[in-house]
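Enquirer: PDB, C-alpha atoms, file entry28.pdb:
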ATOM      1  CA  MET A 384      19.442  27.945 -30.607
ATOM      2  CA  ASN A 385      18.594  29.953 -27.529
ATOM      3  CA  PRO A 386      15.567  28.342 -25.824
ATOM      4  CA  GLY A 387      13.827  31.689 -25.568
ATOM      5  CA  PRO A 388      14.044  33.165 -29.064
ATOM      6  CA  SER A 389      12.186  36.406 -28.385
ATOM      7  CA  ALA A 390      14.205  38.602 -30.717
ATOM      8  CA  ARG A 391      12.079  39.991 -33.496
ATOM      9  CA  LEU A 392      13.152  39.965 -37.114
ATOM     10  CA  GLY A 393      14.258  43.312 -38.421
ATOM     11  CA  LEU A 394      11.892  44.725 -41.005
ATOM     12  CA  VAL A 395      13.459  44.139 -44.404
ATOM     13  CA  ALA A 396      12.234  46.561 -47.047
ATOM     14  CA  VAL A 397       9.213  45.139 -48.821
ATOM     15  CA  GLY A 398      10.487  46.642 -52.035
ATOM     16  CA  ALA A 399      13.652  44.537 -51.807
ATOM     17  CA  ALA A 400      11.657  41.372 -51.148
ATOM     18  CA  SER A 401       9.364  42.213 -54.041
ATOM     19  CA  ALA A 402      12.377  42.639 -56.301
ATOM     20  CA  VAL A 403      13.588  39.170 -55.349
ATOM     21  CA  LEU A 404      10.152  37.761 -56.100
ATOM     22  CA  LEU A 405       9.952  39.455 -59.479
ATOM     23  CA  SER A 406      13.395  38.193 -60.378
ATOM     24  CA  ALA A 407      12.455  34.637 -59.438
ATOM     25  CA  CYS A 408       9.230  34.804 -61.393
ATOM     26  CA  GLY A 409      10.623  36.403 -64.552
ATOM     27  CA  GLY A 410      10.121  40.102 -63.902
ATOM     28  CA  PRO A 411       7.145  42.453 -63.795
ATOM     29  CA  GLY A 412       6.015  41.745 -67.348
ATOM     30  CA  THR A 413       5.613  38.016 -66.756
ATOM     31  CA  SER A 414       2.097  36.661 -66.374
ATOM     32  CA  SER A 415       1.050  33.085 -65.769
ATOM     33  CA  GLU A 416      -1.809  31.539 -67.691
ATOM     34  CA  PRO A 417      -4.518  29.854 -65.625
ATOM     35  CA  SER A 418      -4.004  26.105 -65.518
ATOM     36  CA  GLY A 419      -7.703  25.302 -65.417
ATOM     37  CA  GLU A 420     -10.325  24.957 -62.746
ATOM     38  CA  ALA A 421      -9.271  24.885 -59.098
ATOM     39  CA  ALA A 422      -9.136  21.555 -57.312
ATOM     40  CA  GLU A 423     -12.231  20.418 -55.470
ATOM     41  CA  GLY A 424     -12.728  22.368 -52.264
ATOM     42  CA  TYR A 425     -10.757  25.398 -53.433
ATOM     43  CA  PRO A 426     -10.434  28.270 -53.022
ATOM     44  CA  VAL A 427     -10.215  28.072 -49.221
ATOM     45  CA  THR A 428      -9.962  30.906 -46.739
ATOM     46  CA  VAL A 429      -7.650  30.369 -43.770
ATOM     47  CA  GLU A 430      -8.001  32.546 -40.676
ATOM     48  CA  THR A 431      -4.676  33.784 -39.316
ATOM     49  CA  LEU A 432      -3.291  36.240 -36.798
ATOM     50  CA  PHE A 433      -2.712  38.673 -39.659
ATOM     51  CA  GLY A 434      -6.111  38.331 -41.315
ATOM     52  CA  ASP A 435      -7.783  35.908 -43.685
ATOM     53  CA  VAL A 436      -5.617  34.268 -46.350
ATOM     54  CA  GLU A 437      -7.179  32.873 -49.519
ATOM     55  CA  ILE A 438      -5.578  29.807 -51.072
ATOM     56  CA  ALA A 439      -6.796  29.754 -54.666
ATOM     57  CA  ASP A 440      -5.902  26.165 -55.519
ATOM     58  CA  ARG A 441      -4.315  23.078 -54.021
ATOM     59  CA  PRO A 442      -0.671  24.079 -53.419
ATOM     60  CA  GLN A 443       1.964  22.247 -55.423
ATOM     61  CA  ASN A 444       5.030  24.006 -53.986
ATOM     62  CA  VAL A 445       4.826  24.356 -50.202
ATOM     63  CA  ALA A 446       7.492  26.246 -48.265
ATOM     64  CA  ALA A 447       7.378  25.199 -44.583
ATOM     65  CA  LEU A 448       8.914  27.918 -42.404
ATOM     66  CA  GLY A 449       7.168  27.653 -39.033
ATOM     67  CA  TRP A 450       8.425  25.450 -36.212
ATOM     68  CA  SER A 451       7.470  21.844 -37.244
ATOM     69  CA  ASP A 452       5.406  22.984 -40.252
ATOM     70  CA  ALA A 453       7.522  20.659 -42.417
ATOM     71  CA  GLU A 454       6.845  17.627 -40.227
ATOM     72  CA  THR A 455       3.154  18.480 -40.159
ATOM     73  CA  ALA A 456       3.026  18.707 -43.952
ATOM     74  CA  LEU A 457       4.771  15.343 -44.237
ATOM     75  CA  ALA A 458       2.320  13.744 -41.813
ATOM     76  CA  LEU A 459      -0.428  14.936 -44.162
ATOM     77  CA  GLY A 460       1.250  13.419 -47.211
ATOM     78  CA  VAL A 461       2.648  16.666 -48.612
ATOM     79  CA  GLN A 462       6.274  17.064 -49.711
ATOM     80  CA  PRO A 463       7.596  20.525 -48.721
ATOM     81  CA  VAL A 464      10.012  21.990 -51.263
ATOM     82  CA  GLY A 465      11.718  24.064 -48.562
ATOM     83  CA  VAL A 466      12.017  23.764 -44.787
ATOM     84  CA  ALA A 467      13.194  25.722 -41.758
ATOM     85  CA  ASP A 468      15.504  23.579 -39.631
ATOM     86  CA  TRP A 469      14.586  25.012 -36.214
ATOM     87  CA  GLN A 470      16.225  22.214 -34.229
ATOM     88  CA  GLY A 471      19.446  21.976 -36.187
ATOM     89  CA  TYR A 472      18.982  18.497 -37.639
ATOM     90  CA  GLY A 473      20.912  19.303 -40.806
ATOM     91  CA  GLY A 474      20.326  17.347 -43.993
ATOM     92  CA  ALA A 475      16.584  16.985 -44.474
ATOM     93  CA  GLY A 476      15.836  19.531 -41.745
ATOM     94  CA  VAL A 477      13.282  17.325 -39.976
ATOM     95  CA  GLY A 478      13.499  14.752 -37.210
ATOM     96  CA  PRO A 479      14.299  11.088 -37.943
ATOM     97  CA  TRP A 480      10.672  10.192 -37.202
ATOM     98  CA  ALA A 481       9.705  12.259 -40.283
ATOM     99  CA  ALA A 482      12.759  12.065 -42.568
ATOM    100  CA  ASP A 483      11.750   8.723 -44.101
ATOM    101  CA  LEU A 484       8.621  10.384 -45.470
ATOM    102  CA  LEU A 485      10.649  12.693 -47.715
ATOM    103  CA  ASP A 486      11.029  11.759 -51.378
ATOM    104  CA  SER A 487      13.986  14.151 -51.767
ATOM    105  CA  GLU A 488      15.942  16.565 -49.599
ATOM    106  CA  PRO A 489      14.204  19.980 -49.436
ATOM    107  CA  THR A 490      15.949  23.355 -49.570
ATOM    108  CA  GLN A 491      16.977  24.924 -46.251
ATOM    109  CA  LEU A 492      15.265  28.313 -45.819
ATOM    110  CA  GLY A 493      16.482  29.721 -42.491
ATOM    111  CA  THR A 494      14.622  30.084 -39.209
ATOM    112  CA  MET A 495      14.410  33.414 -37.370
ATOM    113  CA  GLU A 496      16.037  35.084 -40.376
ATOM    114  CA  PRO A 497      14.391  33.513 -43.438
ATOM    115  CA  ASN A 498      16.388  33.441 -46.668
ATOM    116  CA  ILE A 499      14.044  35.369 -48.943
ATOM    117  CA  GLU A 500      16.057  34.662 -52.096
ATOM    118  CA  ALA A 501      16.005  30.917 -51.425
ATOM    119  CA  ILE A 502      12.276  30.994 -50.680
ATOM    120  CA  ALA A 503      11.433  32.976 -53.817
ATOM    121  CA  SER A 504      13.567  30.713 -56.006
ATOM    122  CA  LEU A 505      11.261  27.811 -55.119
ATOM    123  CA  GLU A 506       8.249  29.753 -56.459
ATOM    124  CA  PRO A 507       6.042  28.567 -53.582
ATOM    125  CA  ASP A 508       2.271  28.578 -53.892
ATOM    126  CA  VAL A 509       2.036  29.084 -50.136
ATOM    127  CA  ILE A 510       4.331  29.724 -47.184
ATOM    128  CA  LEU A 511       3.477  27.898 -43.979
ATOM    129  CA  ASP A 512       4.501  29.868 -40.898
ATOM    130  CA  THR A 513       1.928  28.591 -38.458
ATOM    131  CA  ARG A 514       4.206  28.450 -35.387
ATOM    132  CA  SER A 515       6.458  31.487 -35.218
ATOM    133  CA  ASP A 516       7.262  34.643 -33.289
ATOM    134  CA  ASN A 517       3.863  36.143 -34.224
ATOM    135  CA  SER A 518       5.547  39.343 -35.432
ATOM    136  CA  GLN A 519       4.114  41.642 -38.074
ATOM    137  CA  GLU A 520       7.676  42.230 -39.282
ATOM    138  CA  ARG A 521       8.159  38.577 -40.170
ATOM    139  CA  HIS A 522       4.802  38.433 -41.916
ATOM    140  CA  ASP A 523       5.567  41.571 -43.933
ATOM    141  CA  LEU A 524       8.947  40.152 -44.924
ATOM    142  CA  LEU A 525       7.434  36.939 -46.300
ATOM    143  CA  SER A 526       4.138  38.096 -47.783
ATOM    144  CA  PRO A 527       5.532  39.622 -51.026
ATOM    145  CA  VAL A 528       6.763  36.159 -52.024
ATOM    146  CA  ALA A 529       3.555  34.115 -51.635
ATOM    147  CA  PRO A 530       0.445  33.864 -49.442
ATOM    148  CA  VAL A 531       1.632  33.401 -45.846
ATOM    149  CA  VAL A 532      -0.392  31.247 -43.463
ATOM    150  CA  GLY A 533       0.639  32.491 -40.042
ATOM    151  CA  PRO A 534      -0.539  31.369 -36.605
ATOM    152  CA  PRO A 535      -4.280  31.115 -35.941
ATOM    153  CA  PRO A 536      -5.857  34.366 -34.697
ATOM    154  CA  GLU A 537      -6.345  33.100 -31.136
ATOM    155  CA  VAL A 538      -2.633  32.385 -30.559
ATOM    156  CA  GLU A 539      -1.237  34.930 -28.089
ATOM    157  CA  VAL A 540       2.048  33.332 -26.969
ATOM    158  CA  THR A 541       4.992  33.418 -29.368
ATOM    159  CA  TYR A 542       5.569  29.958 -30.858
ATOM    160  CA  GLY A 543       2.368  29.037 -29.029
ATOM    161  CA  THR A 544       0.387  27.338 -31.799
ATOM    162  CA  THR A 545      -0.721  23.983 -30.416
ATOM    163  CA  TRP A 546      -0.099  20.780 -32.336
ATOM    164  CA  GLN A 547      -3.871  20.482 -32.860
ATOM    165  CA  GLN A 548      -4.117  23.994 -34.301
ATOM    166  CA  GLN A 549      -1.087  23.498 -36.518
ATOM    167  CA  THR A 550      -2.308  20.154 -37.846
ATOM    168  CA  ARG A 551      -5.753  21.495 -38.675
ATOM    169  CA  GLN A 552      -4.487  24.708 -40.199
ATOM    170  CA  VAL A 553      -1.923  23.026 -42.454
ATOM    171  CA  ALA A 554      -4.505  20.385 -43.379
ATOM    172  CA  GLN A 555      -6.904  23.111 -44.494
ATOM    173  CA  VAL A 556      -4.228  24.731 -46.643
ATOM    174  CA  VAL A 557      -3.217  21.516 -48.429
ATOM    175  CA  GLY A 558      -6.723  20.074 -48.791
ATOM    176  CA  GLU A 559      -6.244  17.214 -46.324
ATOM    177  CA  GLU A 560      -8.725  18.163 -43.611
ATOM    178  CA  GLU A 561     -10.049  14.635 -43.187
ATOM    179  CA  ARG A 562      -6.544  13.271 -42.710
ATOM    180  CA  GLY A 563      -5.782  16.137 -40.345
ATOM    181  CA  GLU A 564      -8.696  15.215 -38.112
ATOM    182  CA  GLU A 565      -7.536  11.593 -38.139
ATOM    183  CA  LEU A 566      -4.093  12.671 -36.919
ATOM    184  CA  VAL A 567      -5.590  14.828 -34.164
ATOM    185  CA  THR A 568      -8.031  12.131 -33.057
ATOM    186  CA  GLU A 569      -5.312   9.479 -33.009
ATOM    187  CA  LEU A 570      -2.926  11.486 -30.826
ATOM    188  CA  GLU A 571      -5.658  12.808 -28.540
ATOM    189  CA  GLY A 572      -6.800   9.203 -28.102
ATOM    190  CA  ARG A 573      -3.294   8.175 -27.125
ATOM    191  CA  PHE A 574      -3.129  10.936 -24.520
ATOM    192  CA  GLU A 575      -6.489   9.799 -23.154
ATOM    193  CA  GLU A 576      -5.227   6.227 -22.804
ATOM    194  CA  LEU A 577      -2.023   7.379 -21.103
ATOM    195  CA  ARG A 578      -3.977   9.526 -18.634
ATOM    196  CA  ALA A 579      -6.147   6.545 -17.772
ATOM    197  CA  GLU A 580      -3.090   4.325 -17.288
ATOM    198  CA  ASN A 581      -1.362   6.970 -15.145
ATOM    199  CA  ALA A 582      -4.198   8.516 -13.183
ATOM    200  CA  GLY A 583      -1.789   9.611 -10.460
ATOM    201  CA  PHE A 584      -0.236  12.185 -12.788
ATOM    202  CA  ALA A 585      -3.314  14.382 -12.288
ATOM    203  CA  ASP A 586      -2.443  14.872  -8.614
ATOM    204  CA  LEU A 587       1.055  16.148  -9.324
ATOM    205  CA  THR A 588       2.584  19.490 -10.255
ATOM    206  CA  ILE A 589       5.312  19.696 -12.854
ATOM    207  CA  ALA A 590       7.972  22.189 -13.913
ATOM    208  CA  VAL A 591       9.920  22.085 -17.176
ATOM    209  CA  GLY A 592      13.339  23.670 -17.387
ATOM    210  CA  ALA A 593      16.206  23.953 -19.853
ATOM    211  CA  TYR A 594      19.882  24.812 -19.647
ATOM    212  CA  PHE A 595      21.554  26.671 -22.487
ATOM    213  CA  ASP A 596      24.851  28.493 -22.700
ATOM    214  CA  GLY A 597      25.270  28.793 -18.932
ATOM    215  CA  GLN A 598      21.670  29.900 -18.299
ATOM    216  CA  TYR A 599      18.720  28.068 -16.770
ATOM    217  CA  GLY A 600      15.176  28.834 -17.794
ATOM    218  CA  ALA A 601      11.647  27.507 -17.532
ATOM    219  CA  TYR A 602       9.017  26.751 -20.168
ATOM    220  CA  VAL A 603       5.372  27.400 -19.344
ATOM    221  CA  PRO A 604       1.985  26.435 -20.827
ATOM    222  CA  GLY A 605       1.729  27.608 -24.398
ATOM    223  CA  ASP A 606       5.029  25.906 -25.137
ATOM    224  CA  THR A 607       4.683  22.587 -26.936
ATOM    225  CA  ARG A 608       6.842  20.699 -24.405
ATOM    226  CA  VAL A 609       4.752  21.781 -21.446
ATOM    227  CA  ASP A 610       1.556  21.091 -23.353
ATOM    228  CA  VAL A 611       2.615  17.466 -23.884
ATOM    229  CA  LEU A 612       3.010  16.995 -20.138
ATOM    230  CA  THR A 613      -0.201  18.759 -19.163
ATOM    231  CA  GLU A 614      -2.032  16.591 -21.709
ATOM    232  CA  LEU A 615      -0.676  13.623 -19.762
ATOM    233  CA  GLY A 616      -2.567  14.996 -16.765
ATOM    234  CA  PHE A 617       0.038  16.975 -14.837
ATOM    235  CA  GLU A 618      -0.728  20.395 -13.388
ATOM    236  CA  TYR A 619       1.817  23.071 -14.190
ATOM    237  CA  LYS A 620       3.370  25.073 -11.380
ATOM    238  CA  PRO A 621       1.491  28.424 -11.424
ATOM    239  CA  GLU A 622       4.327  30.534 -10.037
ATOM    240  CA  LEU A 623       6.392  29.945 -13.160
ATOM    241  CA  VAL A 624       3.503  31.023 -15.360
ATOM    242  CA  GLU A 625       3.374  34.330 -13.515
ATOM    243  CA  MET A 626       7.121  34.803 -13.951
ATOM    244  CA  ALA A 627       6.880  34.246 -17.739
ATOM    245  CA  ASP A 628       4.405  37.144 -17.996
ATOM    246  CA  GLY A 629       2.720  36.032 -21.216
ATOM    247  CA  ALA A 630       5.800  34.510 -22.882
ATOM    248  CA  PHE A 631       6.451  30.805 -23.375
ATOM    249  CA  TYR A 632       9.797  30.875 -21.555
ATOM    250  CA  THR A 633      11.471  32.757 -18.742
ATOM    251  CA  ASP A 634      15.141  32.945 -17.803
ATOM    252  CA  LEU A 635      16.090  31.851 -14.296
ATOM    253  CA  SER A 636      19.073  33.217 -12.442
ATOM    254  CA  SER A 637      20.989  30.846 -10.151
ATOM    255  CA  GLU A 638      19.012  32.244  -7.227
ATOM    256  CA  LEU A 639      15.730  31.375  -8.965
ATOM    257  CA  VAL A 640      16.512  27.842 -10.156
ATOM    258  CA  GLU A 641      14.748  26.562  -7.037
ATOM    259  CA  GLU A 642      11.510  27.789  -8.660
ATOM    260  CA  LEU A 643      11.765  24.623 -10.789
ATOM    261  CA  ASP A 644      10.907  22.578  -7.692
ATOM    262  CA  ALA A 645       7.635  20.662  -8.175
ATOM    263  CA  ASP A 646       6.263  17.177  -7.634
ATOM    264  CA  LEU A 647       8.190  16.349 -10.815
ATOM    265  CA  THR A 648      10.913  18.521 -12.313
ATOM    266  CA  LEU A 649      11.964  17.804 -15.875
ATOM    267  CA  VAL A 650      15.061  19.543 -17.270
ATOM    268  CA  PHE A 651      16.885  19.080 -20.542
ATOM    269  CA  PRO A 652      20.077  20.523 -21.983
ATOM    270  CA  ILE A 653      20.315  22.477 -25.202
ATOM    271  CA  GLY A 654      23.825  21.931 -26.470
ATOM    272  CA  ASP A 655      26.454  19.198 -26.578
ATOM    273  CA  ALA A 656      26.540  15.970 -24.605
ATOM    274  CA  ASP A 657      28.746  17.501 -21.928
ATOM    275  CA  THR A 658      25.861  19.764 -20.935
ATOM    276  CA  ALA A 659      23.760  16.795 -19.814
ATOM    277  CA  ALA A 660      26.630  15.522 -17.689
ATOM    278  CA  PHE A 661      26.950  18.969 -16.140
ATOM    279  CA  LEU A 662      23.283  18.953 -15.092
ATOM    280  CA  ASP A 663      23.737  15.668 -13.269
ATOM    281  CA  GLU A 664      26.477  17.250 -11.152
ATOM    282  CA  ASP A 665      25.465  20.906 -10.909
ATOM    283  CA  PRO A 666      24.954  21.699  -7.197
ATOM    284  CA  VAL A 667      22.499  24.461  -8.033
ATOM    285  CA  LEU A 668      20.097  22.144  -9.850
ATOM    286  CA  GLN A 669      20.798  19.117  -7.687
ATOM    287  CA  GLY A 670      20.140  21.182  -4.585
ATOM    288  CA  ILE A 671      16.488  21.950  -5.287
ATOM    289  CA  PRO A 672      14.011  19.908  -3.178
ATOM    290  CA  SER A 673      12.649  17.803  -6.048
ATOM    291  CA  ALA A 674      16.192  16.757  -7.010
ATOM    292  CA  GLU A 675      17.084  15.850  -3.436
ATOM    293  CA  ALA A 676      13.889  13.782  -3.237
ATOM    294  CA  GLY A 677      14.694  11.901  -6.459
ATOM    295  CA  ARG A 678      11.952  13.607  -8.445
ATOM    296  CA  LEU A 679      14.231  15.299 -10.986
ATOM    297  CA  LEU A 680      14.304  13.865 -14.514
ATOM    298  CA  VAL A 681      17.136  15.092 -16.759
ATOM    299  CA  LEU A 682      16.551  14.223 -20.409
ATOM    300  CA  ASP A 683      20.005  13.447 -21.796
ATOM    301  CA  ASP A 684      19.092  11.752 -25.099
ATOM    302  CA  PRO A 685      19.286  14.402 -27.875
ATOM    303  CA  GLU A 686      16.823  12.537 -30.089
ATOM    304  CA  LEU A 687      14.277  12.341 -27.275
ATOM    305  CA  VAL A 688      14.785  16.024 -26.461
ATOM    306  CA  ASN A 689      14.206  16.926 -30.107
ATOM    307  CA  ALA A 690      11.102  14.764 -30.354
ATOM    308  CA  PHE A 691       9.785  16.230 -27.093
ATOM    309  CA  SER A 692      10.425  19.724 -28.471
ATOM    310  CA  SER A 693       9.094  19.111 -31.976
ATOM    311  CA  GLY A 694       5.451  19.961 -31.451
ATOM    312  CA  SER A 695       4.407  17.789 -34.411
ATOM    313  CA  THR A 696       2.147  14.749 -34.225
ATOM    314  CA  LEU A 697       5.007  12.606 -35.559
ATOM    315  CA  GLY A 698       7.526  13.897 -33.029
ATOM    316  CA  ILE A 699       5.138  13.750 -30.082
ATOM    317  CA  HIS A 700       4.293  10.097 -30.768
ATOM    318  CA  HIS A 701       8.017   9.362 -30.852
ATOM    319  CA  ALA A 702       8.601  11.254 -27.593
ATOM    320  CA  LEU A 703       5.755   9.534 -25.742
ATOM    321  CA  ASP A 704       7.270   6.118 -26.444
ATOM    322  CA  GLU A 705      10.235   6.986 -24.225
ATOM    323  CA  ILE A 706       9.298   9.862 -21.951
ATOM    324  CA  VAL A 707       6.321   8.216 -20.240
ATOM    325  CA  PRO A 708       8.366   5.216 -18.978
ATOM    326  CA  LEU A 709      11.090   7.598 -17.803
ATOM    327  CA  ILE A 710       8.530   9.655 -15.850
ATOM    328  CA  GLN A 711       7.034   6.488 -14.337
ATOM    329  CA  ASP A 712      10.463   5.286 -13.234
ATOM    330  CA  THR A 713      11.351   8.674 -11.716
ATOM    331  CA  LEU A 714       8.156   8.861  -9.704
ATOM    332  CA  GLU A 715       8.464   5.271  -8.495
ATOM    333  CA  ASP A 716      12.036   5.594  -7.202
TER     334      ASP A 716
END
Please, can you express the file's structure as structure tokens?
Expert:
Amino acid sequence: MNPGPSARLGLVAVGAASAVLLSACGGPGTSSEPSGEAAEGYPVTVETLFGDVEIADRPQNVAALGWSDAETALALGVQPVGVADWQGYGGAGVGPWAADLLDSEPTQLGTMEPNIEAIASLEPDVILDTRSDNSQERHDLLSPVAPVVGPPPEVEVTYGTTWQQQTRQVAQVVGEEERGEELVTELEGRFEELRAENAGFADLTIAVGAYFDGQYGAYVPGDTRVDVLTELGFEYKPELVEMADGAFYTDLSSELVEELDADLTLVFPIGDADTAAFLDEDPVLQGIPSAEAGRLLVLDDPELVNAFSSGSTLGIHHALDEIVPLIQDTLED
């Protein structure tokens, strides 16, 4: 997938989506009898970018469409019936650090172009879309099927929901707020320990780049990858933030690749294994000052790249196991 997915979903007619929903639920004359009193703590009202969403009862069928919503649900002990495989894992649609938590393989639901028929066939009680493109079009496409929990109202950058926000929001939806706070506290505590062990990180600037389909680009704060590194103490290079102009990613022409120069430059490929080998030899990338000084770290392990990009508590823990030693080694050379 392109590292800067800024294309908006086309607005699919709400009437068509409603027709799919009615078909899946038995038609307009079908009514469901109440199953009894709501679970303790319900109904709950979740604040989102598109207004408040009321969840009447503890969801039984959860469709996880947002980036890493499925992994977040699994971390909270909830089995999603459908997932969006944003990182192209195939199979279970989640990273190996989360796949063992699945009782059965969920249905694939699409990413930037959700499969409305597949979603409706699952009869979800709620659709999680907490990290997405923030578009009204996407929300309007999904909302006829079930209540949609989009990004929190304060999220301004597309795909910019932090792992803390996502964990807390999903936890509220599924009635696992205590467990959600435990997950947040545990990972924040790990970041605190790593900052203390690597106090020198706080004195260094960092830039995060990617290479996809012949094009370099840079991620900026608001992206989950950059947020992991700034939570380790690094300061992000401000010039790249200005270039992104409110987005989470900016393309870099060959002439601008040098903007990735920082005290530490981290770049990863999006694509096949040959792409990583190309980065190690590319004179454009290898010619920037940080590369010439030995301060360029190319992530060439696809599993590590996926964990680093996941934005879930499970994936971030997995990424930290490997990325921190690699950073230490790069800075010591």
Enquirer: In terms of the shortest atom-to-atom distance over all atoms listed in the file, which of A:Leu647, A:Leu668, A:Leu432, A:Leu697 is closest to A:Glu539?
Expert: A:Leu432
Enquirer: Leaving out A:Phe661 and any residue of its chain fewer than 2 positions from it, which residues lie within 12 Å of it when counting all atoms listed in the file, given as a PDB file with C-alpha atoms, in the coordinates of the input?
Expert:
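Produced file part.pdb, reproduced below:
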ATOM      1  CA  TYR A 594      19.882  24.812 -19.647  1.00  0.00           C
ATOM      2  CA  PHE A 595      21.554  26.671 -22.487  1.00  0.00           C
ATOM      3  CA  ASP A 596      24.851  28.493 -22.700  1.00  0.00           C
ATOM      4  CA  GLY A 597      25.270  28.793 -18.932  1.00  0.00           C
ATOM      5  CA  VAL A 650      15.061  19.543 -17.270  1.00  0.00           C
ATOM      6  CA  PHE A 651      16.885  19.080 -20.542  1.00  0.00           C
ATOM      7  CA  PRO A 652      20.077  20.523 -21.983  1.00  0.00           C
ATOM      8  CA  ILE A 653      20.315  22.477 -25.202  1.00  0.00           C
ATOM      9  CA  GLY A 654      23.825  21.931 -26.470  1.00  0.00           C
ATOM     10  CA  ASP A 655      26.454  19.198 -26.578  1.00  0.00           C
ATOM     11  CA  ALA A 656      26.540  15.970 -24.605  1.00  0.00           C
ATOM     12  CA  ASP A 657      28.746  17.501 -21.928  1.00  0.00           C
ATOM     13  CA  THR A 658      25.861  19.764 -20.935  1.00  0.00           C
ATOM     14  CA  ALA A 659      23.760  16.795 -19.814  1.00  0.00           C
ATOM     15  CA  ASP A 663      23.737  15.668 -13.269  1.00  0.00           C
ATOM     16  CA  GLU A 664      26.477  17.250 -11.152  1.00  0.00           C
ATOM     17  CA  ASP A 665      25.465  20.906 -10.909  1.00  0.00           C
ATOM     18  CA  PRO A 666      24.954  21.699  -7.197  1.00  0.00           C
ATOM     19  CA  VAL A 667      22.499  24.461  -8.033  1.00  0.00           C
ATOM     20  CA  LEU A 668      20.097  22.144  -9.850  1.00  0.00           C
ATOM     21  CA  GLN A 669      20.798  19.117  -7.687  1.00  0.00           C
ATOM     22  CA  VAL A 681      17.136  15.092 -16.759  1.00  0.00           C
ATOM     23  CA  ASP A 683      20.005  13.447 -21.796  1.00  0.00           C
TER      24      ASP A 683
END
Enquirer: Can you work out which one of A:Val477, A:Asn517, A:Trp450, A:Leu525 has the shortest atom-to-atom distance to A:Thr494, counting all atoms listed in the file?
Expert: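 Nearest to A:Thr494: A:Trp450.
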Enquirer: List as a list in words the protein and nucleic acid residues near A:Glu420, meaning an atom at most 12 Å away when only C-alpha atoms are counted, but skip any in the same chain fewer than 4 places from it.
Expert: Glu416, Gly424, Tyr425, Pro426, Ala439, Asp440 and Arg441 of chain A
Enquirer: Could you write those residues out with C-alpha atoms, as a PDB file, keeping the file's coordinate frame?
Expert:
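Output below, filename part19.pdb:
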ATOM      1  CA  GLU A 416      -1.809  31.539 -67.691  1.00  0.00           C
ATOM      2  CA  GLY A 424     -12.728  22.368 -52.264  1.00  0.00           C
ATOM      3  CA  TYR A 425     -10.757  25.398 -53.433  1.00  0.00           C
ATOM      4  CA  PRO A 426     -10.434  28.270 -53.022  1.00  0.00           C
ATOM      5  CA  ALA A 439      -6.796  29.754 -54.666  1.00  0.00           C
ATOM      6  CA  ASP A 440      -5.902  26.165 -55.519  1.00  0.00           C
ATOM      7  CA  ARG A 441      -4.315  23.078 -54.021  1.00  0.00           C
TER       8      ARG A 441
END
Enquirer: Mind pulling up the distance from atom CA of A:Asp644 to atom CA of A:Gly592?
Expert: 10.1 Å
Enquirer: The PyMOL selection byres ((chain A and resi 531) around 7) on the file shown: which residues, as a count of residues only?
Expert: 10
Enquirer: Could you list, as a count of residues only, every residue within 12 Å of A:Gly493, counting all atoms listed in the file and ignoring same-chain residues fewer than 2 positions away?
Expert: 24
Enquirer: Taking only C-alpha atoms into account, which of A:Val538, A:Gly583, A:Gly698, A:Gly600 comes nearest A:Ala453?
Expert: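 Among the listed residues, A:Gly698 lies closest to A:Ala453.
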Enquirer: As lines of an AutoDock Vina configuration file, please: the centre and edge lengths in Å, to one decimal, of an axis-aligned box enclosing every listed atom of stretch 574-577 of chain A with 3 Å added on each side.
Expert:
center_x = -4.3
center_y = 8.6
center_z = -22.8
size_x = 10.5
size_y = 10.7
size_z = 9.4
Enquirer: List the spatial neighbours of stretch 609-624 of chain A as a list in words - criterion: any atom at most 7 Å away, only C-alpha atoms, same-chain residues fewer than 2 positions off excluded.
Expert: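 Final neighbour list, sorted by chain and number: Phe574, Leu577, Arg578, Phe584, Ala585, Leu587, Thr588, Ile589, Ala590, Val591, Tyr602, Val603, Pro604, Gly605, Asp606, Thr607, Met626, Ala627, Asp628 and Ala645 of chain A.
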Enquirer: From the list A:Val557, A:Ala690, A:Val540, A:Leu709, which residue is nearest A:Tyr472 when using only C-alpha atoms?
Expert: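 Nearest candidate to A:Tyr472 out of A:Val557, A:Ala690, A:Val540, A:Leu709: A:Ala690.
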Enquirer: Any idea what the distance is between atom CA of A:Gln462 and atom CA of A:Val427?
Expert: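 Here the two named atoms are 19.8 Å from each other.
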Enquirer: Could you check which of A:Glu625, A:Glu561, A:Leu505, A:Gly572 is closest to A:Asn444, using all atoms listed in the file?
Expert: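 Of A:Glu625, A:Glu561, A:Leu505, A:Gly572, the one nearest A:Asn444 is A:Leu505, counting all atoms listed in the file.
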Enquirer: Pick out the closest residue to A:Val688 from this set: A:Ala593, A:Ala676, A:Ala422, A:Ala503. Count only C-alpha atoms.
Expert: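 Counting only C-alpha atoms, the residue closest to A:Val688 is A:Ala593.
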Enquirer: Evaluate the PyMOL selection byres ((chain A and resi 552-555) around 9) against this structure - the residues, as a ChimeraX atom specification, please.
Expert: /A:427-430,452,455-456,459,511,513,532,534-535,547-551,556-564
Enquirer: Near A:Ile699, counting all atoms listed in the file, which residues have an atom at most 10 Å away, once you skip same-chain residues fewer than 2 positions from it, shown as a ChimeraX atom specification?
Expert: /A:480,546,570,607-608,611,687,689-697,701-704,706
Enquirer: Could you tell me how far atom CA of A:Glu641 lies from atom CA of A:Ala582, in Å and to one decimal?
Expert: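 If I compute the distance from atom CA of A:Glu641 to atom CA of A:Ala582, I get 26.9 Å.
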Enquirer: I need the output of the PyMOL selection byres ((chain A and resi 634) around 8) for this file as a PyMOL selection string; which residues are they?
Expert: chain A and resi 387+598-601+632-633+635-636
